[in-house]
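Student: One file is attached below, final_23.txt, containing compact mmCIF, C-alpha atoms and all ligand atoms.
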# COMPACT_ATOMS: atom_id res chain seq x y z
CA MET Y 1 0.00 0.00 0.00
CA THR Y 2 1.38 3.46 -0.89
CA PRO Y 3 1.60 5.87 2.06
CA PRO Y 4 -0.87 8.80 1.98
CA SER Y 5 0.43 12.03 0.40
CA PRO Y 6 1.18 14.55 3.12
CA ALA Y 7 -0.98 17.68 3.03
CA ILE Y 8 1.48 20.58 2.81
CA GLY Y 9 0.10 24.10 2.95
CA VAL Y 10 1.98 27.12 1.66
CA LEU Y 11 1.12 30.35 3.44
CA ALA Y 12 -0.17 32.53 0.61
CA LEU Y 13 -0.68 35.90 2.26
CA GLN Y 14 2.11 37.45 0.18
CA GLY Y 15 5.50 36.56 -1.29
CA ALA Y 16 6.83 33.60 -3.26
CA PHE Y 17 4.22 30.94 -2.54
CA GLU Y 18 3.17 29.48 -5.94
CA VAL Y 19 6.54 27.97 -6.84
CA HIS Y 20 6.80 26.16 -3.49
CA ALA Y 21 3.35 24.62 -3.97
CA ARG Y 22 4.27 23.47 -7.48
CA ARG Y 23 7.56 21.95 -6.29
CA PHE Y 24 5.87 19.97 -3.49
CA ALA Y 25 3.13 18.79 -5.87
CA GLU Y 26 5.85 17.57 -8.29
CA LEU Y 27 7.43 15.64 -5.42
CA GLY Y 28 4.15 13.89 -4.67
CA ALA Y 29 2.70 15.95 -1.82
CA ASP Y 30 -0.84 17.20 -1.65
CA ALA Y 31 0.04 20.90 -1.81
CA CYS Y 32 -2.40 23.75 -1.22
CA LEU Y 33 -2.31 27.51 -0.71
CA VAL Y 34 -3.29 28.74 2.75
CA ARG Y 35 -5.12 32.05 3.08
CA LYS Y 36 -7.32 31.47 6.15
CA PRO Y 37 -6.39 30.35 9.68
CA GLY Y 38 -9.11 27.66 9.58
CA GLN Y 39 -7.16 25.78 6.88
CA LEU Y 40 -4.26 24.91 9.20
CA ALA Y 41 -6.12 22.19 11.12
CA ALA Y 42 -6.22 19.91 8.05
CA LEU Y 43 -2.50 20.20 7.26
CA ASP Y 44 0.42 17.88 8.03
CA ALA Y 45 2.95 20.67 7.41
CA LEU Y 46 3.32 24.30 6.42
CA VAL Y 47 5.69 26.42 4.35
CA ILE Y 48 6.24 30.06 5.27
CA PRO Y 49 7.71 31.50 2.05
CA GLY Y 50 10.00 34.42 1.36
CA GLY Y 51 8.65 37.92 0.93
CA GLU Y 52 8.70 40.80 3.38
CA SER Y 53 8.46 39.71 7.00
CA THR Y 54 6.96 43.04 8.18
CA THR Y 55 4.16 42.70 5.61
CA PHE Y 56 3.58 39.10 6.74
CA LEU Y 57 3.24 40.29 10.33
CA LYS Y 58 0.61 42.88 9.30
CA HIS Y 59 -1.39 40.30 7.35
CA LEU Y 60 -1.13 37.76 10.17
CA ASP Y 61 -2.47 40.28 12.68
CA ARG Y 62 -5.30 41.35 10.46
CA ALA Y 63 -6.40 37.85 9.51
CA GLY Y 64 -6.39 36.64 13.14
CA PHE Y 65 -3.77 34.15 12.07
CA TYR Y 66 -0.99 34.75 14.55
CA GLY Y 67 -2.26 32.60 17.46
CA VAL Y 68 -3.20 29.58 15.32
CA LEU Y 69 0.08 29.78 13.41
CA ASN Y 70 2.01 30.02 16.67
CA GLN Y 71 0.43 26.77 17.88
CA PHE Y 72 1.08 25.08 14.54
CA VAL Y 73 4.80 25.94 14.31
CA HIS Y 74 5.40 24.55 17.79
CA SER Y 75 3.80 21.21 17.00
CA LYS Y 76 4.01 20.32 13.27
CA PRO Y 77 6.69 20.43 10.55
CA VAL Y 78 7.30 23.91 9.16
CA PHE Y 79 9.67 25.09 6.44
CA GLY Y 80 10.55 28.79 6.48
CA THR Y 81 12.47 30.40 3.64
CA CYS Y 82 14.04 33.84 3.96
CA ALA Y 83 11.21 36.01 5.41
CA GLY Y 84 9.76 32.72 6.68
CA CYS Y 85 13.02 32.04 8.54
CA ILE Y 86 12.78 35.53 10.07
CA LEU Y 87 9.24 34.82 11.27
CA LEU Y 88 10.29 31.52 12.87
CA ALA Y 89 13.37 32.90 14.67
CA ARG Y 90 13.69 33.37 18.41
CA GLU Y 91 15.20 36.84 17.94
CA VAL Y 92 15.11 39.34 15.06
CA THR Y 93 17.43 42.36 14.71
CA ASN Y 94 17.91 45.26 12.28
CA PRO Y 95 15.40 46.31 13.54
CA PRO Y 96 13.93 44.06 16.25
CA GLN Y 97 10.42 42.78 15.47
CA PRO Y 98 8.04 40.14 16.87
CA SER Y 99 8.56 36.54 15.78
CA LEU Y 100 7.21 33.08 16.53
CA GLY Y 101 10.29 31.94 18.46
CA ALA Y 102 10.16 28.33 17.24
CA LEU Y 103 13.70 28.28 15.82
CA ASP Y 104 16.47 28.93 18.31
CA VAL Y 105 18.44 31.47 16.23
CA SER Y 106 19.04 35.20 16.12
CA VAL Y 107 18.61 36.65 12.60
CA GLU Y 108 19.62 40.01 11.26
CA ARG Y 109 17.33 41.29 8.49
CA ASN Y 110 18.78 42.57 5.20
CA ALA Y 111 22.22 41.74 6.54
CA TYR Y 112 24.17 41.72 3.30
CA GLY Y 113 23.60 45.39 2.38
CA ARG Y 114 22.02 47.03 -0.65
CA GLN Y 115 24.83 46.37 -3.11
CA ASN Y 116 24.45 42.66 -2.35
CA ASP Y 117 20.66 42.63 -2.70
CA SER Y 118 20.71 39.45 -4.65
CA THR Y 119 23.44 36.78 -4.93
CA ILE Y 120 23.59 33.26 -6.29
CA LEU Y 121 26.14 30.94 -4.69
CA THR Y 122 26.90 27.30 -5.36
CA ALA Y 123 28.50 25.39 -2.50
CA GLU Y 124 28.85 22.01 -0.86
CA THR Y 125 26.31 21.37 1.89
CA SER Y 126 25.62 18.38 4.07
CA LEU Y 127 22.97 17.20 1.58
CA PRO Y 128 24.21 14.33 -0.56
CA GLY Y 129 24.39 14.90 -4.32
CA GLY Y 130 27.08 17.56 -4.77
CA PRO Y 131 27.10 21.37 -4.65
CA LEU Y 132 23.79 23.19 -4.12
CA GLU Y 133 22.75 26.43 -5.86
CA MET Y 134 21.50 29.00 -3.34
CA VAL Y 135 19.63 32.15 -4.40
CA PHE Y 136 19.78 34.95 -1.82
CA ILE Y 137 17.43 37.95 -2.13
CA ARG Y 138 17.68 40.73 0.50
CA ALA Y 139 18.63 37.85 2.74
CA PRO Y 140 18.82 37.76 6.52
CA ARG Y 141 21.90 36.40 8.28
CA ILE Y 142 21.78 33.93 11.16
CA ASN Y 143 24.16 35.52 13.64
CA ARG Y 144 23.60 33.10 16.51
CA ALA Y 145 22.32 29.53 16.61
CA SER Y 146 21.82 27.51 19.79
CA GLY Y 147 23.11 23.97 20.32
CA LYS Y 148 19.67 22.65 19.26
CA ILE Y 149 20.32 23.78 15.68
CA GLU Y 150 21.71 21.42 13.06
CA VAL Y 151 23.57 23.43 10.40
CA LEU Y 152 23.15 21.89 6.93
CA ALA Y 153 24.74 24.64 4.81
CA LYS Y 154 26.78 27.80 5.34
CA ARG Y 155 27.61 31.04 3.55
CA GLY Y 156 31.07 31.92 4.91
CA ASP Y 157 30.72 31.33 8.64
CA SER Y 158 26.95 31.86 8.77
CA PRO Y 159 24.41 29.05 8.70
CA VAL Y 160 22.01 29.37 5.72
CA LEU Y 161 20.13 26.06 5.93
CA VAL Y 162 19.24 24.83 9.41
CA ARG Y 163 17.09 22.23 11.07
CA GLN Y 164 15.70 22.08 14.58
CA GLY Y 165 13.64 18.91 14.91
CA HIS Y 166 10.48 19.41 12.84
CA ILE Y 167 11.54 22.89 11.68
CA LEU Y 168 13.60 23.51 8.54
CA ALA Y 169 14.69 27.01 7.54
CA SER Y 170 16.82 28.60 4.85
CA THR Y 171 17.93 32.19 4.40
CA PHE Y 172 17.95 31.57 0.62
CA HIS Y 173 15.17 30.68 -1.83
CA PRO Y 174 15.43 26.97 -2.78
CA GLU Y 175 12.22 27.26 -4.85
CA LEU Y 176 14.08 29.54 -7.31
CA SER Y 177 16.58 26.81 -8.22
CA GLN Y 178 15.78 23.70 -10.23
CA ASP Y 179 17.36 21.46 -7.58
CA PRO Y 180 14.61 19.73 -5.56
CA ARG Y 181 16.82 18.44 -2.71
CA VAL Y 182 15.81 20.97 -0.02
CA HIS Y 183 12.10 20.44 -0.70
CA GLN Y 184 12.70 16.68 -0.76
CA LEU Y 185 14.42 16.92 2.63
CA PHE Y 186 11.40 18.74 4.08
CA LEU Y 187 9.05 16.17 2.58
CA ASN Y 188 11.11 13.43 4.29
CA ILE Y 189 10.81 15.30 7.62
CA VAL Y 190 7.05 15.57 7.10
CA ARG Y 191 6.68 11.89 6.17
CA SER Y 192 8.65 10.76 9.20
CA SER Y 193 6.45 12.90 11.49
CA MET Y 194 3.25 11.24 10.22
CA PRO Y 195 1.72 8.35 12.19
N1 LIG Y 201 14.30 41.29 3.47
C1 LIG Y 201 13.12 40.53 3.76
C2 LIG Y 201 12.70 40.73 5.22
O1 LIG Y 201 13.40 41.28 5.97
C3 LIG Y 201 13.30 39.06 3.46
C4 LIG Y 201 13.64 38.87 1.98
C5 LIG Y 201 13.13 37.61 1.36
O2 LIG Y 201 12.28 36.90 1.90
N2 LIG Y 201 13.62 37.36 0.18
O3 LIG Y 201 11.67 40.31 5.60
Could you show the structure in this file as structure tokens?
Tutor:
Amino acid sequence: MTPPSPAIGVLALQGAFEVHARRFAELGADACLVRKPGQLAALDALVIPGGESTTFLKHLDRAGFYGVLNQFVHSKPVFGTCAGCILLAREVTNPPQPSLGALDVSVERNAYGRQNDSTILTAETSLPGGPLEMVFIRAPRINRASGKIEVLAKRGDSPVLVRQGHILASTFHPELSQDPRVHQLFLNIVRSSMP
């Protein structure tokens, strides 16, 4: 018997949500876009995509989403990319702003300066299969990570792909590369969390 396809929601309040949903659908998940807090209850996992974290916070407040999302990220698999990583962090700087505190890191927003708004790097990571392309867009930098954090990839000395139990986060945009390995990793985390 084939295992059931995990239901993975992509938070679609703003930002780069469509490509994530397509990628997970291609990998065999049951992917859907999430616009209302009531949708979370039916999901096995959630993606918080890149975008602008301040705009996310405004939408989350307005839609009455914040509380339900807070419960979700502390109990089910969540994948945050870029702005999503900022929202998941324990601490946000440059400037400080509220966050869900599910990922034990301190992130600095827009940490690479204006002239480095967007950068594509290819580097070895701890994922098997050779170098990984990483697309950074007005990226945050993880300045501190607690001992609970598993670092899967780095840019210089800074972690850029991290895992803490059921939470996966990247400061780059894996959905903008053709390589499916980061999405596949999250799908594996989701599958192993299912009964
Ligand atoms: N600079 C954005 C922020 O601070 C994040 C950028 C992104 O998600 N690509 O929220």
Student: Ranking Y:Ala83, Y:Ala123, Y:Leu11, Y:Val68 by minimum distance to ligand LIG 201 (chain Y) and counting only C-alpha atoms and all ligand atoms, which one comes first?
Tutor: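 Of Y:Ala83, Y:Ala123, Y:Leu11, Y:Val68, the one nearest ligand LIG 201 (chain Y), counting only C-alpha atoms and all ligand atoms, is Y:Ala83.
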Student: Residues within 10 Å of ligand LIG 201 (chain Y), counting only C-alpha atoms and all ligand atoms: report them as an MDAnalysis selection string.
Tutor: chainID Y and resid 15:16 48:57 80:87 92:95 107:112 117:118 135:140 170:173
Student: Taking C-alpha atoms for each residue, export the selection above as a PDB file, in the frame of the given file.
Tutor:
ATOM      1  CA  GLY Y  15       5.500  36.560  -1.290  1.00  0.00           C
ATOM      2  CA  ALA Y  16       6.830  33.600  -3.260  1.00  0.00           C
ATOM      3  CA  ILE Y  48       6.240  30.060   5.270  1.00  0.00           C
ATOM      4  CA  PRO Y  49       7.710  31.500   2.050  1.00  0.00           C
ATOM      5  CA  GLY Y  50      10.000  34.420   1.360  1.00  0.00           C
ATOM      6  CA  GLY Y  51       8.650  37.920   0.930  1.00  0.00           C
ATOM      7  CA  GLU Y  52       8.700  40.800   3.380  1.00  0.00           C
ATOM      8  CA  SER Y  53       8.460  39.710   7.000  1.00  0.00           C
ATOM      9  CA  THR Y  54       6.960  43.040   8.180  1.00  0.00           C
ATOM     10  CA  THR Y  55       4.160  42.700   5.610  1.00  0.00           C
ATOM     11  CA  PHE Y  56       3.580  39.100   6.740  1.00  0.00           C
ATOM     12  CA  LEU Y  57       3.240  40.290  10.330  1.00  0.00           C
ATOM     13  CA  GLY Y  80      10.550  28.790   6.480  1.00  0.00           C
ATOM     14  CA  THR Y  81      12.470  30.400   3.640  1.00  0.00           C
ATOM     15  CA  CYS Y  82      14.040  33.840   3.960  1.00  0.00           C
ATOM     16  CA  ALA Y  83      11.210  36.010   5.410  1.00  0.00           C
ATOM     17  CA  GLY Y  84       9.760  32.720   6.680  1.00  0.00           C
ATOM     18  CA  CYS Y  85      13.020  32.040   8.540  1.00  0.00           C
ATOM     19  CA  ILE Y  86      12.780  35.530  10.070  1.00  0.00           C
ATOM     20  CA  LEU Y  87       9.240  34.820  11.270  1.00  0.00           C
ATOM     21  CA  VAL Y  92      15.110  39.340  15.060  1.00  0.00           C
ATOM     22  CA  THR Y  93      17.430  42.360  14.710  1.00  0.00           C
ATOM     23  CA  ASN Y  94      17.910  45.260  12.280  1.00  0.00           C
ATOM     24  CA  PRO Y  95      15.400  46.310  13.540  1.00  0.00           C
ATOM     25  CA  VAL Y 107      18.610  36.650  12.600  1.00  0.00           C
ATOM     26  CA  GLU Y 108      19.620  40.010  11.260  1.00  0.00           C
ATOM     27  CA  ARG Y 109      17.330  41.290   8.490  1.00  0.00           C
ATOM     28  CA  ASN Y 110      18.780  42.570   5.200  1.00  0.00           C
ATOM     29  CA  ALA Y 111      22.220  41.740   6.540  1.00  0.00           C
ATOM     30  CA  TYR Y 112      24.170  41.720   3.300  1.00  0.00           C
ATOM     31  CA  ASP Y 117      20.660  42.630  -2.700  1.00  0.00           C
ATOM     32  CA  SER Y 118      20.710  39.450  -4.650  1.00  0.00           C
ATOM     33  CA  VAL Y 135      19.630  32.150  -4.400  1.00  0.00           C
ATOM     34  CA  PHE Y 136      19.780  34.950  -1.820  1.00  0.00           C
ATOM     35  CA  ILE Y 137      17.430  37.950  -2.130  1.00  0.00           C
ATOM     36  CA  ARG Y 138      17.680  40.730   0.500  1.00  0.00           C
ATOM     37  CA  ALA Y 139      18.630  37.850   2.740  1.00  0.00           C
ATOM     38  CA  PRO Y 140      18.820  37.760   6.520  1.00  0.00           C
ATOM     39  CA  SER Y 170      16.820  28.600   4.850  1.00  0.00           C
ATOM     40  CA  THR Y 171      17.930  32.190   4.400  1.00  0.00           C
ATOM     41  CA  PHE Y 172      17.950  31.570   0.620  1.00  0.00           C
ATOM     42  CA  HIS Y 173      15.170  30.680  -1.830  1.00  0.00           C
TER      43      HIS Y 173
END
Student: Between Y:Ser126, Y:Gln178, Y:Asn70, Y:Ser5, which one has atoms that come closest to Ala25 (chain Y), using all atoms listed in the file?
Tutor: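 Distance minimum relative to Ala25 (chain Y) lands on Y:Ser5.
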Student: Name the closest residue to Leu103 (chain Y) among the candidates Y:Ile120, Y:Val162, Y:Val47, Y:Met194; distances are taken between atoms, counting all atoms listed in the file.
Tutor: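 Of Y:Ile120, Y:Val162, Y:Val47, Y:Met194, the one nearest Leu103 (chain Y), counting all atoms listed in the file, is Y:Val162.
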Student: Write out as a list in words the residues lying within 12 Å of Ser75 (chain Y), counting all atoms listed in the file and excluding same-chain residues fewer than 4 positions away.
Tutor: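 In the requested form, the answer reads Leu40, Ala41, Leu43, Asp44, Ala45, Leu46, Val68, Leu69, Asn70, Gln71, Ala102, Gly165, His166, Ile167, Val190 and Ser193 of chain Y.
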Student: Padding 5 Å on each side, edges along x, y and z: where is the centre of the box around the listed atoms of region 65-71 of chain Y, and how long are its edges in Å to one decimal? Output it as JSON.
Tutor:
{"center_x": -0.9, "center_y": 30.8, "center_z": 15.0, "size_x": 15.8, "size_y": 18.0, "size_z": 15.8}
Student: What is the CA of Cys32 (chain Y)-CA of Gly9 (chain Y) distance in Å, reported with one decimal?
Tutor: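 Separation of CA of Cys32 (chain Y) and CA of Gly9 (chain Y): 4.9 Å.
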Student: Grab the CA of Val182 (chain Y) to CA of Asp61 (chain Y) distance for me, in Å with one decimal place.
Tutor: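 Separation of CA of Val182 (chain Y) and CA of Asp61 (chain Y): 29.5 Å.
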Student: For each of Y:Leu100, Y:Gly64, Y:Leu161, Y:Ala89, take the minimum atom-to-atom distance to Glu124 (chain Y), counting all atoms listed in the file, then give the residue where this is smallest.
Tutor: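 Smallest distance to Glu124 (chain Y) is found for Y:Leu161.
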Student: Figure out the distance between CA of Arg35 (chain Y) and CA of Val19 (chain Y), please, to one decimal in Å.
Tutor: 15.8 Å
Student: Scan for residues within 12 Å of the point (6.9, 22.9, -5.3) in the coordinates of the file, using only C-alpha atoms, and reply as an MDAnalysis selection string.
Tutor: chainID Y and resid 8:10 16:33 47 49 173:184 186:187
Student: I need the residue nearest Lys148 (chain Y) from this list: Y:His74, Y:Gly130, Y:Asp104, Y:Thr122. Use only C-alpha atoms for the distance.
Tutor: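 Answer, going by the shortest atom-to-atom distance: Y:Asp104.
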